[in-house]
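Written out below as structure tokens is the structure these notes cover.
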Amino acid sequence: MTTTSLLIRLAEDDDDFILSLVPRFVDFTLPPWRRRHECVEGIRNDLLRHLEDQPANSYLFVAEDADGIRVGFIHLQRTADFFTGRSNCHISDLAVAPQHEGNGVGQALLAHAEGWAREHHCQLVTLAVFPGNERARALYEATGYAPDLLRLAKSVR
């Protein structure tokens, strides 16, 4: 599959496909204070809310291959930059179906986000990633993403 053979379109009746990929978001070593089932439930509930309610400034896109097979999705949110107040495009979620990993789907979804951000006059494209998600971090760094703010946490239980 080449990235030119992908169609990236707004999500419509893709809830089951999108929600089926939620476990991908925790398929690596999590920080010790995070519980896998809580993360899965939280991500699933957030995506379901965005799919059902379609809040303003929230956009879900699905990538399909040339045969119409869904291979991944990306969830973009238009946000205001804390420091400048300008518009940013935040990648809230990005997942590739396991059988399509390594075929350029993630790169194509990132390119789509960047094009969308330019079209909507955004200053930055931002995202957050768990430190243990090495595969995603490698993709982001290889496509030019670099740390902006570093969020630290400490369990107090």
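In the structure tokens, the first chain shown is A, the next is B, and so on; residue numbers restart at 1 for each chain, and ligands run from 1 in the order shown.
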
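Residues of region 7-45 of chain A carrying a DSSP assignment of strand (DSSP E or B), computed from the backbone, are Leu7, Ile8, Arg9 and Leu10 of chain A.
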
In chain A, what's helix (DSSP H, G or I) per DSSP? Answer as a VMD selection string? chain A and resid 3 to 5 15 to 20 22 to 26 36 to 53 98 to 100 105 to 119 134 to 142

Can you list every residue of region 4-107 of chain A that has an atom at most 7 Å from region 130-134 of chain A, with its nearest atom pair and the distance in Å to one decimal, using only C-alpha atoms, ordered by chain then number, as JSON lines?
```
{"residue": "A:Phe28", "atom": "CA", "partner": "A:Asn133", "partner_atom": "CA", "distance": 5.9}
{"residue": "A:Thr29", "atom": "CA", "partner": "A:Gly132", "partner_atom": "CA", "distance": 5.3}
{"residue": "A:Leu30", "atom": "CA", "partner": "A:Gly132", "partner_atom": "CA", "distance": 6.1}
```

Please, could you write that set of residues out with all heavy atoms as a CSV table (one decimal), in the first residue's frame?
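selection.csv written:
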```
chain,number,residue,atom,x,y,z
A,28,PHE,N,1.7,-1.0,25.4
A,28,PHE,CA,3.1,-0.8,25.7
A,28,PHE,C,3.2,-0.6,27.2
A,28,PHE,O,2.1,-0.6,27.9
A,28,PHE,CB,3.6,0.5,25.0
A,28,PHE,CG,2.7,1.6,25.0
A,28,PHE,CD1,2.7,2.5,26.1
A,28,PHE,CD2,1.8,1.9,24.0
A,28,PHE,CE1,1.8,3.5,26.2
A,28,PHE,CE2,0.9,2.9,24.0
A,28,PHE,CZ,0.9,3.8,25.2
A,29,THR,N,4.3,-0.4,27.7
A,29,THR,CA,4.5,-0.2,29.2
A,29,THR,C,4.0,1.2,29.6
A,29,THR,O,4.4,2.2,29.0
A,29,THR,CB,6.0,-0.3,29.6
A,29,THR,OG1,6.4,-1.6,29.2
A,29,THR,CG2,6.2,-0.1,31.1
A,30,LEU,N,3.0,1.2,30.5
A,30,LEU,CA,2.4,2.5,31.0
A,30,LEU,C,3.2,2.9,32.2
A,30,LEU,O,3.8,2.1,32.9
A,30,LEU,CB,1.0,2.3,31.3
A,30,LEU,CG,0.0,2.0,30.2
A,30,LEU,CD1,-1.4,1.6,30.7
A,30,LEU,CD2,-0.1,3.2,29.3
```

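Nearest residue to Arg44 (chain A), choosing from A:Ala138, A:Val26, A:Leu19, A:Ala56 and counting only C-alpha atoms: A:Leu19.
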
Which polymer residues have any atom within 10 Å of an atom of region 33-35 of chain A, counting only C-alpha atoms, with same-chain residues fewer than 2 positions away left out, as a list in words? Val26, Thr29, Leu30, Pro31, His37, Glu38, Cys39, Val40, Ala153, Lys154, Ser155, Val156 and Arg157 of chain A

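Between CA of Phe83 (chain A) and CA of Leu110 (chain A) the separation is 23.8 Å.
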
With the cut-off set at 10 Å and counting only C-alpha atoms, tabulate each residue of region 24-100 of chain A with an atom at most that distance from an atom of region 114-123 of chain A, showing the nearest atom pair and its distance in Å to one decimal, ordered by chain and increasing number, as JSON lines.
```
{"residue": "A:Leu76", "atom": "CA", "partner": "A:Trp116", "partner_atom": "CA", "distance": 9.1}
{"residue": "A:Gln77", "atom": "CA", "partner": "A:Ala117", "partner_atom": "CA", "distance": 9.9}
{"residue": "A:Arg78", "atom": "CA", "partner": "A:Cys122", "partner_atom": "CA", "distance": 8.1}
{"residue": "A:Thr79", "atom": "CA", "partner": "A:Cys122", "partner_atom": "CA", "distance": 8.9}
{"residue": "A:Ala80", "atom": "CA", "partner": "A:Cys122", "partner_atom": "CA", "distance": 9.1}
{"residue": "A:Asp81", "atom": "CA", "partner": "A:Gln123", "partner_atom": "CA", "distance": 8.4}
{"residue": "A:Thr84", "atom": "CA", "partner": "A:Gln123", "partner_atom": "CA", "distance": 9.5}
{"residue": "A:Gly85", "atom": "CA", "partner": "A:Gln123", "partner_atom": "CA", "distance": 9.9}
{"residue": "A:Arg86", "atom": "CA", "partner": "A:Gln123", "partner_atom": "CA", "distance": 6.6}
{"residue": "A:Ser87", "atom": "CA", "partner": "A:Cys122", "partner_atom": "CA", "distance": 4.7}
{"residue": "A:Asn88", "atom": "CA", "partner": "A:Cys122", "partner_atom": "CA", "distance": 4.7}
{"residue": "A:Cys89", "atom": "CA", "partner": "A:Ala117", "partner_atom": "CA", "distance": 5.7}
{"residue": "A:His90", "atom": "CA", "partner": "A:Ala117", "partner_atom": "CA", "distance": 9.1}
{"residue": "A:Ile91", "atom": "CA", "partner": "A:Glu114", "partner_atom": "CA", "distance": 9.9}
```

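Near Ala97 (chain A), within 7 Å and counting only C-alpha atoms, sit Leu21, Val71, Gly72 and Glu101 of chain A; same-chain residues fewer than 4 positions away were not included.
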
Can you pull out every residue within 12 Å of Phe17 (chain A), counting only C-alpha atoms, but drop anything in the same chain fewer than 3 positions away, and send it as a list in words? Ala11, Glu12, Asp13, Asp14, Ser20, Leu21, Val22, Pro23, Arg44, Leu47, Leu48, Leu51, Phe61, Val62, Ala63, Glu64, Ile69, Arg70, Val71, Gly72, Phe73, Ala95, Val96 and Ala97 of chain A

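Distance check against Ile8 (chain A) using only C-alpha atoms: of A:His75, A:Asp27, A:Asp53, A:Leu109, the minimum falls on A:Leu109.
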
Find, counting only C-alpha atoms, the residue in A:Ser58, A:Gly104, A:Gly68, A:Leu152 that gets nearest to Ser92 (chain A). A:Ser58

Neighbouring residues of Thr143 (chain A) were defined as those with any atom within 10 Å, considering only C-alpha atoms; residues of the same chain fewer than 6 positions away were excluded. Please report them as a PyMOL selection string. chain A and resi 107+110-111+137

Prev. selection, C-alpha atoms, output as an mmCIF file, in the first residue's frame:
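New file result17.cif:
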```cif
data_model
loop_
_atom_site.group_PDB
_atom_site.id
_atom_site.type_symbol
_atom_site.label_atom_id
_atom_site.label_comp_id
_atom_site.auth_asym_id
_atom_site.auth_seq_id
_atom_site.Cartn_x
_atom_site.Cartn_y
_atom_site.Cartn_z
ATOM 1 C CA GLN A 107 2.653 9.162 8.186
ATOM 2 C CA LEU A 110 0.043 13.021 10.232
ATOM 3 C CA ALA A 111 0.386 14.670 6.815
ATOM 4 C CA ARG A 137 7.377 8.487 19.460
#
```

Report, in Å with one decimal, the straight-line distance from CA of Asp67 (chain A) to CA of His100 (chain A). 13.2 Å
